[in-house]
>>> print(open('entry26.cif').read())   # mmCIF, C-alpha atoms (C1' of nucleotides)
data_start
#
loop_
_atom_site.label_atom_id
_atom_site.label_comp_id
_atom_site.auth_asym_id
_atom_site.auth_seq_id
_atom_site.Cartn_x
_atom_site.Cartn_y
_atom_site.Cartn_z
CA MET A 90 48.98 29.48 62.93
CA SER A 91 45.48 28.91 64.22
CA ASP A 92 43.81 25.52 63.95
CA ALA A 93 41.50 26.78 61.26
CA GLU A 94 44.38 28.19 59.30
CA GLN A 95 46.20 24.90 59.63
CA THR A 96 43.19 22.95 58.40
CA ARG A 97 42.77 25.29 55.46
CA GLN A 98 46.43 24.99 54.55
CA LYS A 99 46.30 21.22 54.82
CA ILE A 100 43.33 21.14 52.46
CA LEU A 101 45.19 23.38 50.02
CA ASP A 102 48.38 21.32 50.10
CA ILE A 103 46.69 17.95 49.71
CA THR A 104 44.35 19.23 47.02
CA ALA A 105 47.32 20.69 45.16
CA ASP A 106 48.96 17.28 45.25
CA GLU A 107 45.82 15.50 44.08
CA ILE A 108 45.24 17.93 41.21
CA HIS A 109 48.87 17.60 40.22
CA HIS A 110 48.53 13.83 40.01
CA HIS A 111 45.02 13.39 38.61
CA GLY A 112 43.97 16.75 37.18
CA PHE A 113 41.21 18.96 38.52
CA GLN A 114 38.14 17.23 37.15
CA SER A 115 39.28 13.78 38.18
CA THR A 116 40.24 14.89 41.65
CA SER A 117 37.61 13.60 44.05
CA LEU A 118 36.54 15.56 47.09
CA SER A 119 36.16 12.38 49.12
CA THR A 120 39.77 11.47 48.42
CA ILE A 121 40.82 14.88 49.68
CA LEU A 122 38.68 14.45 52.80
CA ASN A 123 40.13 11.02 53.50
CA ARG A 124 43.70 12.19 53.12
CA CYS A 125 43.02 15.26 55.26
CA GLY A 126 41.13 13.28 57.85
CA ILE A 127 38.30 15.79 57.91
CA SER A 128 34.64 15.77 57.02
CA LYS A 129 32.96 17.35 54.06
CA GLY A 130 31.46 19.97 56.33
CA ALA A 131 34.94 21.11 57.28
CA LEU A 132 35.94 21.52 53.67
CA TYR A 133 32.81 23.42 52.78
CA TYR A 134 33.34 25.67 55.76
CA HIS A 135 36.61 26.86 54.25
CA PHE A 136 35.69 26.76 50.55
CA SER A 137 32.33 27.41 48.95
CA ASN A 138 32.68 24.73 46.28
CA LYS A 139 35.14 22.59 44.36
CA LEU A 140 35.87 25.29 41.80
CA GLU A 141 36.74 27.89 44.43
CA LEU A 142 39.00 25.34 46.09
CA GLY A 143 40.70 24.85 42.75
CA TYR A 144 41.17 28.59 42.29
CA ALA A 145 42.63 28.87 45.78
CA VAL A 146 45.09 26.07 45.08
CA PHE A 147 46.09 27.81 41.88
CA GLU A 148 46.71 31.18 43.48
CA GLU A 149 48.03 30.18 46.89
CA VAL A 150 50.05 27.09 46.01
CA TYR A 151 50.88 26.80 42.33
CA VAL A 152 51.60 30.46 41.48
CA PRO A 153 53.98 31.11 44.40
CA MET A 154 55.72 27.79 43.77
CA PHE A 155 56.01 28.60 40.08
CA LEU A 156 57.44 32.06 40.59
CA ALA A 157 59.82 30.81 43.25
CA THR A 158 61.37 28.41 40.75
CA TRP A 159 61.69 30.80 37.80
CA GLN A 160 62.60 34.01 39.60
CA PRO A 161 66.09 33.05 40.80
CA ALA A 162 67.09 31.86 37.35
CA LEU A 163 66.06 35.16 35.78
CA SER A 164 67.64 37.37 38.43
CA GLN A 165 71.17 36.20 37.68
CA ASP A 166 73.61 38.67 36.24
CA ASP A 167 73.57 36.58 33.09
CA PRO A 168 69.97 35.37 32.67
CA ILE A 169 71.02 33.32 29.64
CA GLU A 170 73.24 31.11 31.74
CA GLY A 171 70.79 31.45 34.60
CA LEU A 172 68.09 29.87 32.47
CA CYS A 173 70.38 27.14 31.14
CA ASP A 174 71.52 26.26 34.64
CA PHE A 175 67.90 26.29 35.76
CA PHE A 176 66.81 23.95 32.99
CA THR A 177 69.67 21.50 33.35
CA GLY A 178 69.08 21.60 37.10
CA MET A 179 65.49 20.59 36.42
CA CYS A 180 66.75 17.56 34.51
CA GLU A 181 69.13 16.45 37.21
CA SER A 182 66.85 16.98 40.18
CA MET A 183 63.89 15.50 38.37
CA VAL A 184 62.65 12.33 39.95
CA CYS A 185 60.44 10.08 37.93
CA SER A 186 57.21 11.17 39.61
CA GLU A 187 57.85 14.78 38.67
CA ALA A 188 58.58 13.86 35.08
CA VAL A 189 55.36 11.93 34.97
CA CYS A 190 53.16 14.56 36.56
CA GLY A 191 54.47 17.54 34.65
CA CYS A 192 54.18 21.19 35.52
CA PRO A 193 50.99 21.85 37.52
CA LEU A 194 50.26 25.07 35.67
CA ASN A 195 50.75 23.55 32.24
CA ASN A 196 48.58 20.60 33.23
CA LEU A 197 45.78 22.88 34.32
CA CYS A 198 46.16 24.85 31.11
CA GLU A 199 45.76 21.73 29.02
CA GLU A 200 42.85 20.43 31.03
CA MET A 201 40.86 23.48 32.04
CA ALA A 202 41.59 26.36 29.65
CA ASN A 203 38.63 25.56 27.45
CA VAL A 204 36.46 24.12 30.19
CA ASP A 205 36.32 26.91 32.75
CA GLU A 206 36.84 30.59 32.12
CA GLY A 207 38.04 31.26 35.67
CA PHE A 208 40.92 28.86 35.27
CA ARG A 209 41.68 30.09 31.77
CA LEU A 210 42.05 33.72 32.86
CA ARG A 211 44.19 32.80 35.84
CA ILE A 212 46.47 30.72 33.65
CA LEU A 213 46.62 33.50 31.09
CA THR A 214 47.62 36.03 33.73
CA MET A 215 50.36 33.75 35.00
CA GLN A 216 51.68 33.10 31.49
CA GLN A 217 51.81 36.79 30.70
CA LYS A 218 53.58 37.43 33.97
CA LEU A 219 56.19 34.79 33.21
CA ASN A 220 56.61 36.14 29.72
CA GLY A 221 57.14 39.59 31.19
CA LEU A 222 59.75 38.28 33.61
CA ILE A 223 61.72 36.65 30.82
CA VAL A 224 61.46 39.71 28.59
CA ASP A 225 62.66 41.94 31.42
CA ALA A 226 65.60 39.67 32.15
CA LEU A 227 66.62 39.55 28.50
CA SER A 228 66.13 43.29 28.06
CA ALA A 229 68.62 43.88 30.85
CA ILE A 230 71.35 42.32 28.74
CA GLU A 231 70.03 43.52 25.41
CA ASP A 232 73.43 44.92 24.45
CA ASP A 233 74.89 41.43 24.51
CA LEU A 234 72.10 39.99 22.36
CA ARG A 235 71.72 39.79 18.63
CA PRO A 236 69.88 42.77 17.18
CA ASN A 237 66.33 42.65 15.85
CA LEU A 238 65.23 39.99 18.31
CA GLN A 239 61.57 40.00 19.28
CA LEU A 240 62.15 39.31 22.95
CA SER A 241 58.51 38.58 23.64
CA HIS A 242 58.45 35.96 20.90
CA VAL A 243 61.66 34.49 22.21
CA ALA A 244 60.16 34.28 25.68
CA TYR A 245 57.06 32.50 24.41
CA PHE A 246 59.26 30.10 22.48
CA ILE A 247 61.28 29.24 25.57
CA VAL A 248 58.21 28.56 27.66
CA ALA A 249 56.58 26.55 24.88
CA SER A 250 59.66 24.36 24.51
CA VAL A 251 59.91 23.65 28.21
CA ASN A 252 56.24 22.75 28.40
CA GLY A 253 56.54 20.58 25.33
CA ALA A 254 59.54 18.86 26.84
CA THR A 255 57.61 17.83 29.94
CA SER A 256 54.80 16.62 27.72
CA LEU A 257 57.17 14.39 25.79
CA SER A 258 58.73 12.91 28.88
CA LYS A 259 55.30 12.11 30.25
CA SER A 260 54.56 9.42 27.73
CA SER A 261 58.05 7.96 27.74
CA ARG A 262 58.49 8.12 31.51
CA ASN A 263 62.00 8.96 30.50
CA LYS A 264 63.78 12.08 31.54
CA GLU A 265 66.39 11.56 28.84
CA ILE A 266 64.01 12.95 26.25
CA PHE A 267 63.46 15.94 28.50
CA GLN A 268 67.21 16.31 28.60
CA TYR A 269 67.48 16.18 24.80
CA VAL A 270 64.94 18.95 24.35
CA ILE A 271 66.53 21.04 27.06
CA ASP A 272 69.94 20.67 25.45
CA GLU A 273 68.58 21.95 22.15
CA LEU A 274 66.77 24.74 23.96
CA CYS A 275 69.95 25.82 25.74
CA SER A 276 71.81 25.86 22.47
CA TYR A 277 69.03 28.05 21.03
CA ILE A 278 69.14 30.37 24.04
CA ARG A 279 72.91 30.72 23.98
CA ASN A 280 72.66 31.49 20.29
CA LEU A 281 70.68 34.60 21.20
CA LYS A 282 73.92 36.24 22.21
CA LYS A 283 76.04 38.10 19.74
CA MET B 282 29.52 0.13 3.86
CA SER B 283 27.14 -1.99 5.88
CA ASP B 284 24.78 -0.45 8.41
CA ALA B 285 26.79 -1.88 11.27
CA GLU B 286 29.99 -0.49 9.82
CA GLN B 287 28.34 2.89 9.42
CA THR B 288 27.15 2.90 13.02
CA ARG B 289 30.58 1.96 14.26
CA GLN B 290 32.21 4.69 12.21
CA LYS B 291 29.70 7.25 13.44
CA ILE B 292 30.46 6.30 17.03
CA LEU B 293 34.18 6.64 16.35
CA ASP B 294 33.86 10.03 14.67
CA ILE B 295 31.60 11.57 17.27
CA THR B 296 33.61 10.13 20.15
CA ALA B 297 36.78 11.51 18.58
CA ASP B 298 35.16 14.93 18.49
CA GLU B 299 33.95 14.69 22.08
CA ILE B 300 37.34 13.56 23.37
CA HIS B 301 39.00 16.35 21.42
CA HIS B 302 36.76 18.91 23.09
CA HIS B 303 36.43 17.57 26.63
CA GLY B 304 39.18 15.01 27.11
CA PHE B 305 38.67 11.29 27.57
CA GLN B 306 37.67 11.13 31.21
CA SER B 307 35.18 13.95 30.94
CA THR B 308 33.61 12.57 27.80
CA SER B 309 30.27 11.08 28.76
CA LEU B 310 28.89 8.00 27.07
CA SER B 311 25.37 9.37 27.24
CA THR B 312 26.46 12.47 25.32
CA ILE B 313 27.91 10.23 22.63
CA LEU B 314 24.71 8.20 22.52
CA ASN B 315 22.58 11.32 22.20
CA ARG B 316 24.68 12.77 19.43
CA CYS B 317 24.76 9.42 17.60
CA GLY B 318 21.07 8.85 18.13
CA ILE B 319 21.67 5.31 19.31
CA SER B 320 21.17 3.38 22.51
CA LYS B 321 23.74 2.18 24.96
CA GLY B 322 23.19 -1.36 23.78
CA ALA B 323 24.29 -0.36 20.31
CA LEU B 324 27.49 1.15 21.59
CA TYR B 325 28.31 -1.82 23.77
CA TYR B 326 27.64 -4.12 20.86
CA HIS B 327 30.49 -2.49 18.95
CA PHE B 328 32.87 -1.74 21.85
CA SER B 329 33.38 -3.70 25.03
CA ASN B 330 33.83 -0.67 27.26
CA LYS B 331 34.71 3.01 27.32
CA LEU B 332 38.44 2.38 27.38
CA GLU B 333 38.36 0.15 24.32
CA LEU B 334 36.32 2.79 22.55
CA GLY B 335 38.99 5.31 23.44
CA TYR B 336 41.74 3.06 22.12
CA ALA B 337 39.82 2.55 18.86
CA VAL B 338 39.39 6.30 18.44
CA PHE B 339 43.10 6.73 19.01
CA GLU B 340 44.17 4.13 16.48
CA GLU B 341 41.48 4.51 13.84
CA VAL B 342 40.89 8.26 13.92
CA TYR B 343 43.67 10.21 15.59
CA VAL B 344 46.72 8.31 14.34
CA PRO B 345 45.73 8.30 10.63
CA MET B 346 44.72 11.95 10.85
CA PHE B 347 47.99 12.79 12.55
CA LEU B 348 50.17 10.99 10.03
CA ALA B 349 48.20 12.45 7.14
CA THR B 350 49.06 15.96 8.30
CA TRP B 351 52.77 15.42 9.02
CA GLN B 352 53.69 13.05 6.20
CA PRO B 353 53.31 15.46 3.26
CA ALA B 354 55.42 18.09 4.97
CA LEU B 355 58.24 15.61 5.55
CA SER B 356 58.15 14.07 2.07
CA GLN B 357 59.08 17.32 0.36
CA ASP B 358 62.40 17.51 -1.43
CA ASP B 359 63.42 20.06 1.16
CA PRO B 360 61.87 18.91 4.46
CA ILE B 361 63.17 22.03 6.17
CA GLU B 362 61.00 24.27 4.05
CA GLY B 363 58.34 21.58 4.03
CA LEU B 364 58.09 21.79 7.81
CA CYS B 365 58.14 25.58 7.85
CA ASP B 366 55.39 25.73 5.24
CA PHE B 367 53.46 23.14 7.20
CA PHE B 368 53.72 25.10 10.45
CA THR B 369 52.86 28.46 8.96
CA GLY B 370 50.01 26.78 7.15
CA MET B 371 48.77 25.55 10.52
CA CYS B 372 48.71 29.13 11.75
CA GLU B 373 46.81 30.48 8.80
CA SER B 374 44.26 27.73 8.52
CA MET B 375 43.76 27.59 12.25
CA VAL B 376 40.29 28.59 13.30
CA CYS B 377 39.73 29.56 16.89
CA SER B 378 38.16 26.26 17.88
CA GLU B 379 41.22 24.35 16.74
CA ALA B 380 43.52 26.65 18.65
CA VAL B 381 41.41 26.13 21.73
CA CYS B 382 41.16 22.36 21.51
CA GLY B 383 44.77 21.68 20.65
CA CYS B 384 46.26 18.57 19.11
CA PRO B 385 44.20 15.50 20.03
CA LEU B 386 47.28 13.34 20.58
CA ASN B 387 49.01 15.89 22.76
CA ASN B 388 45.81 16.37 24.76
CA LEU B 389 45.54 12.66 25.40
CA CYS B 390 49.20 12.56 26.36
CA GLU B 391 48.70 15.27 28.95
CA GLU B 392 45.54 13.76 30.32
CA MET B 393 46.03 10.02 30.15
CA ALA B 394 49.75 9.21 30.04
CA ASN B 395 49.96 8.71 33.79
CA VAL B 396 46.40 7.51 34.23
CA ASP B 397 46.18 4.55 31.89
CA GLU B 398 49.04 2.43 30.63
CA GLY B 399 47.23 1.48 27.44
CA PHE B 400 46.96 5.08 26.36
CA ARG B 401 50.50 5.83 27.45
CA LEU B 402 52.02 3.09 25.33
CA ARG B 403 49.96 4.03 22.29
CA ILE B 404 51.00 7.65 22.64
CA LEU B 405 54.60 6.63 23.11
CA THR B 406 54.53 4.51 19.96
CA MET B 407 53.07 7.39 17.98
CA GLN B 408 55.66 9.85 19.29
CA GLN B 409 58.51 7.54 18.44
CA LYS B 410 57.06 7.03 14.99
CA LEU B 411 56.83 10.77 14.41
CA ASN B 412 60.32 11.24 15.73
CA GLY B 413 61.51 8.58 13.29
CA LEU B 414 59.77 10.29 10.40
CA ILE B 415 61.42 13.60 11.16
CA VAL B 416 64.82 12.00 11.64
CA ASP B 417 64.49 10.15 8.33
CA ALA B 418 63.50 13.31 6.52
CA LEU B 419 66.41 15.25 7.96
CA SER B 420 68.85 12.43 7.32
CA ALA B 421 67.94 12.54 3.66
CA ILE B 422 69.41 16.04 3.43
CA GLU B 423 72.15 15.50 5.96
CA ASP B 424 74.76 16.88 3.58
CA ASP B 425 73.04 20.25 3.65
CA LEU B 426 72.87 20.34 7.45
CA ARG B 427 75.36 21.52 10.01
CA PRO B 428 77.65 18.74 11.18
CA ASN B 429 77.44 17.12 14.61
CA LEU B 430 73.70 17.54 14.86
CA GLN B 431 71.85 15.00 16.97
CA LEU B 432 68.92 14.59 14.60
CA SER B 433 66.83 12.69 17.11
CA HIS B 434 67.23 15.46 19.67
CA VAL B 435 66.40 18.02 17.03
CA ALA B 436 63.25 16.09 16.15
CA TYR B 437 62.13 15.94 19.77
CA PHE B 438 62.78 19.63 20.11
CA ILE B 439 60.64 20.45 17.09
CA VAL B 440 57.73 18.37 18.34
CA ALA B 441 58.03 19.77 21.85
CA SER B 442 57.94 23.33 20.56
CA VAL B 443 54.88 22.76 18.43
CA ASN B 444 53.05 21.11 21.31
CA GLY B 445 54.07 23.89 23.64
CA ALA B 446 52.85 26.43 21.12
CA THR B 447 49.37 24.97 21.05
CA SER B 448 49.38 24.87 24.83
CA LEU B 449 50.18 28.58 25.00
CA SER B 450 47.51 29.55 22.52
CA LYS B 451 44.96 27.58 24.48
CA SER B 452 44.92 29.91 27.43
CA SER B 453 45.12 33.09 25.39
CA ARG B 454 42.60 31.97 22.76
CA ASN B 455 44.95 33.83 20.51
CA LYS B 456 46.64 32.31 17.54
CA GLU B 457 49.12 35.16 17.40
CA ILE B 458 51.10 33.59 20.21
CA PHE B 459 51.10 30.35 18.27
CA GLN B 460 52.44 32.34 15.32
CA TYR B 461 55.21 33.86 17.43
CA VAL B 462 56.42 30.48 18.62
CA ILE B 463 56.20 29.02 15.13
CA ASP B 464 58.22 31.91 13.73
CA GLU B 465 60.98 31.27 16.22
CA LEU B 466 60.80 27.55 15.55
CA CYS B 467 61.14 28.09 11.79
CA SER B 468 64.13 30.30 12.37
CA TYR B 469 65.63 27.53 14.51
CA ILE B 470 64.88 24.91 11.88
CA ARG B 471 66.32 26.95 9.02
CA ASN B 472 69.40 27.49 11.13
CA LEU B 473 70.01 23.75 10.99
CA LYS B 474 71.27 24.19 7.46
CA LYS B 475 74.89 24.96 6.73
"C1'" DC C 99 8.07 -21.27 7.08
"C1'" DT C 100 11.00 -20.94 10.78
"C1'" DT C 101 15.13 -20.87 13.00
"C1'" DG C 102 19.17 -18.15 14.21
"C1'" DC C 103 22.08 -14.51 14.61
"C1'" DA C 104 23.45 -9.66 13.80
"C1'" DA C 105 22.18 -5.16 15.34
"C1'" DC C 106 20.20 -2.70 18.05
"C1'" DA C 107 16.59 -0.45 22.07
"C1'" DA C 108 15.19 0.44 26.77
"C1'" DA C 109 15.24 -0.14 31.34
"C1'" DC C 110 17.89 -0.81 35.10
"C1'" DC C 111 22.13 -1.45 38.31
"C1'" DG C 112 25.50 -0.10 41.99
"C1'" DA C 113 28.89 3.28 42.65
"C1'" DT C 114 30.36 7.77 42.90
"C1'" DC C 115 29.97 12.55 42.03
"C1'" DG C 116 29.60 17.49 44.08
"C1'" DG C 117 26.78 19.64 47.27
"C1'" DT C 118 23.35 20.44 51.40
"C1'" DT C 119 21.47 20.02 55.93
"C1'" DG C 120 21.12 19.76 60.80
"C1'" DG C 121 23.43 19.16 64.46
"C1'" DT C 122 27.86 19.19 67.75
"C1'" DT C 123 31.81 20.74 69.94
"C1'" DA C 124 35.39 24.32 71.40
"C1'" DT C 125 36.48 28.99 72.07
"C1'" DT C 126 35.62 33.71 73.04
"C1'" DA C 127 33.04 37.91 74.53
"C1'" DT C 128 29.89 39.81 77.65
"C1'" DA D 144 27.26 31.79 83.72
"C1'" DT D 145 25.57 32.47 79.30
"C1'" DA D 146 25.21 33.74 74.71
"C1'" DA D 147 27.40 33.79 70.34
"C1'" DT D 148 30.28 32.35 66.95
"C1'" DA D 149 34.00 29.68 64.77
"C1'" DA D 150 35.09 25.13 63.33
"C1'" DC D 151 33.74 21.00 62.33
"C1'" DC D 152 31.11 16.13 61.81
"C1'" DA D 153 27.88 12.68 59.92
"C1'" DA D 154 24.16 11.67 57.26
"C1'" DC D 155 21.89 12.46 53.38
"C1'" DC D 156 20.48 14.36 48.55
"C1'" DG D 157 19.65 14.24 43.47
"C1'" DA D 158 22.29 13.65 39.45
"C1'" DT D 159 25.30 11.23 36.72
"C1'" DC D 160 28.74 7.85 35.87
"C1'" DG D 161 30.13 3.39 33.28
"C1'" DG D 162 28.21 -0.98 32.72
"C1'" DT D 163 24.59 -5.00 32.53
"C1'" DT D 164 20.44 -7.30 31.36
"C1'" DT D 165 16.52 -8.32 28.91
"C1'" DG D 166 13.87 -7.72 25.05
"C1'" DT D 167 12.98 -6.54 20.16
"C1'" DT D 168 13.69 -6.03 15.51
"C1'" DG D 169 15.37 -7.19 10.47
"C1'" DC D 170 17.50 -10.15 7.47
"C1'" DA D 171 19.49 -14.45 5.78
"C1'" DA D 172 20.21 -19.35 5.56
"C1'" DG D 173 18.20 -23.90 5.71
#
>>> encode(input="entry26.cif", output="structure tokens")
Amino acid sequence: MSDAEQTRQKILDITADEIHHHGFQSTSLSTILNRCGISKGALYYHFSNKLELGYAVFEEVYVPMFLATWQPALSQDDPIEGLCDFFTGMCESMVCSEAVCGCPLNNLCEEMANVDEGFRLRILTMQQKLNGLIVDALSAIEDDLRPNLQLSHVAYFIVASVNGATSLSKSSRNKEIFQYVIDELCSYIRNLKK
Amino acid sequence: MSDAEQTRQKILDITADEIHHHGFQSTSLSTILNRCGISKGALYYHFSNKLELGYAVFEEVYVPMFLATWQPALSQDDPIEGLCDFFTGMCESMVCSEAVCGCPLNNLCEEMANVDEGFRLRILTMQQKLNGLIVDALSAIEDDLRPNLQLSHVAYFIVASVNGATSLSKSSRNKEIFQYVIDELCSYIRNLKK
DNA sequence: CTTGCAACAAACCGATCGGTTGGTTATTAT
DNA sequence: ATAATAACCAACCGATCGGTTTGTTGCAAG
């Protein structure tokens, strides 16, 4: 990797971390520069402005990370158990800082969806993609599921519950509440089967 | 109501609206002053700083509004149907701007829970109170419910799903998705009964 | 009549924001 | 060797932030 590429990647990684912790609007460029050990000129050589940097973080850091965590769960032979294992795994592996900071994509959705159209559309695309992944996974085992299920609605419900769970554990700084919600969600998911 | 009281209330109402639309950190004092038609001296006569103003909005505007919307649903003879009616009513009465802005308390939770301890604790208190209300309402009809239910977990799950639903409809600007999640949630809630 | 305080207004403060500008190296092509 | 370009630095810009200070009203008690 060239020096320039390395610098760019470092900016992306550190900015992703800052946004995750403080949100986009409250993330300061000077903080990023200090942590990267570069000047403002360097940053503006690689990115035309703060918003473009945010978009790049979204697409090159958050989206791949997001897909990499959901994909394996949905590619199991039994996606129902795949999802449940995935969720309970999230509980167990969750350190406090993660519980506090929440899902980067959901955070950006809450903060930026009605502030900037560029963010909103990117988030929307990602949500539809995730919904599609879940629907596909459930469709594959449709014969084992209860009839007359609206799989798309089910998928939205699953995602909404997970996001809501992280939101709840944010204020309590307590992953037990996350666990409670996940337990109920798993019971709901397993109940989808015949 | 005295003039001073009126001014204070106007500040609270307009600030509540601004925070609802832009979040706390991005809400500018000068915008509030312009909309109120007052000077900065007037604002700082009534509130010692921006944070205290935010706390006052939380306690004097958001919390009463929040309780006033949930309480009636939970005081029905059948809180199960009370909640379902409440949720579907939210869908129908929801204008686009509400869908976009989300629940003020959930927004503040997402934005401020890990930024300011004062907000976090106030949000936590409110969440526990709501959880208690739901648990109490469900306990009242415990005989009609399935046995071995962890009512507190159920309550958290309900709240998480509703919050997640608003989050999803934010990015899509589409209350249909909210409707989908609510439909699934109602089916989950009704399934609590024997 | 005037003294005093409640209720504001207006101007100003330092700090910080995102962004720009003009230069300085290091590398590569000719 | 030289020209060009990629990659970066340091200083600076206007705008805006939350917050302070000083000054000005209107009313109410003594």
>>> closest_atom_pairs(input="entry26.cif", of="chain A", to="chain D", cutoff="8 Å", atoms="all atoms listed in the file", output="JSON lines")
{"residue": "A:Ala93", "atom": "CA", "partner": "D:DA150", "partner_atom": "C1'", "distance": 6.9}
{"residue": "A:Ser128", "atom": "CA", "partner": "D:DC152", "partner_atom": "C1'", "distance": 6.0}
{"residue": "A:Gly130", "atom": "CA", "partner": "D:DC151", "partner_atom": "C1'", "distance": 6.5}
{"residue": "A:Ala131", "atom": "CA", "partner": "D:DC151", "partner_atom": "C1'", "distance": 5.2}
{"residue": "A:Tyr134", "atom": "CA", "partner": "D:DA150", "partner_atom": "C1'", "distance": 7.8}
>>> closest_residue(input="entry26.cif", among="A:Phe246, A:Trp159, A:Phe267, A:Phe208", to="chain B", atoms="all atoms listed in the file")
A:Phe246
>>> resolve_selection(input="entry26.cif", expression="the PyMOL selection byres ((chain C and resi 117) around 8)", output="short mmCIF file (atom, residue, chain, number, x, y, z; two decimals) with C-alpha atoms (C1' of nucleotides), in the coordinates of the input")
data_model
loop_
_atom_site.label_atom_id
_atom_site.label_comp_id
_atom_site.auth_asym_id
_atom_site.auth_seq_id
_atom_site.Cartn_x
_atom_site.Cartn_y
_atom_site.Cartn_z
CA ASN A 138 32.68 24.73 46.28
"C1'" DG C 116 29.60 17.49 44.08
"C1'" DT C 118 23.35 20.44 51.40
#
>>> closest_residue(input="entry26.cif", among="A:Arg211, A:His242, A:Lys129, A:His135", to="chain B", atoms="only C-alpha atoms")
A:His242
>>> atom_distance(input="entry26.cif", atom1="atom CA of A:Leu140", atom2="atom CA of B:Asp298")
25.5 Å
>>> interface_residues(input="entry26.cif", of="chain A", to="chain C", cutoff="8 Å", atoms="all atoms listed in the file", output="PyMOL selection string")
chain A and resi 117-118+138-139
>>> write_last_selection(input="entry26.cif", atoms="C-alpha atoms", output="compact mmCIF listing (two decimals), keeping the file's coordinate frame")
# COMPACT_ATOMS: atom_id res chain seq x y z
CA SER A 117 37.61 13.60 44.05
CA LEU A 118 36.54 15.56 47.09
CA ASN A 138 32.68 24.73 46.28
CA LYS A 139 35.14 22.59 44.36
>>> closest_residue(input="entry26.cif", among="A:Phe113, A:Tyr133, A:Phe176, A:Phe155", to="chain B", atoms="all atoms listed in the file")
A:Phe113
>>> atom_distance(input="entry26.cif", atom1="atom CA of B:Ile470", atom2="atom CA of B:Ser433")
13.4 Å
>>> closest_atom_pairs(input="entry26.cif", of="chain A", to="chain B", cutoff="6 Å", atoms="only C-alpha atoms", output="tab-separated table")
residue	atom	partner	partner_atom	distance
A:Ala202	CA	B:Ser452	CA	5.3
A:Arg209	CA	B:Ser452	CA	5.4
A:Leu213	CA	B:Ser452	CA	5.4
A:His242	CA	B:Tyr461	CA	5.2
A:Phe246	CA	B:Val462	CA	4.8
A:Ala249	CA	B:Gly445	CA	3.9
A:Ser250	CA	B:Ser442	CA	4.4
A:Asn252	CA	B:Gly445	CA	5.4
A:Gly253	CA	B:Ala441	CA	3.9
A:Ala254	CA	B:Ala441	CA	5.3
A:Ser260	CA	B:Ala394	CA	5.3
A:Ser261	CA	B:Leu405	CA	5.9
A:Tyr269	CA	B:His434	CA	5.2
A:Val270	CA	B:Phe438	CA	4.8
>>> atom_distance(input="entry26.cif", atom1="atom CA of B:Leu426", atom2="atom CA of B:Lys474")
4.2 Å
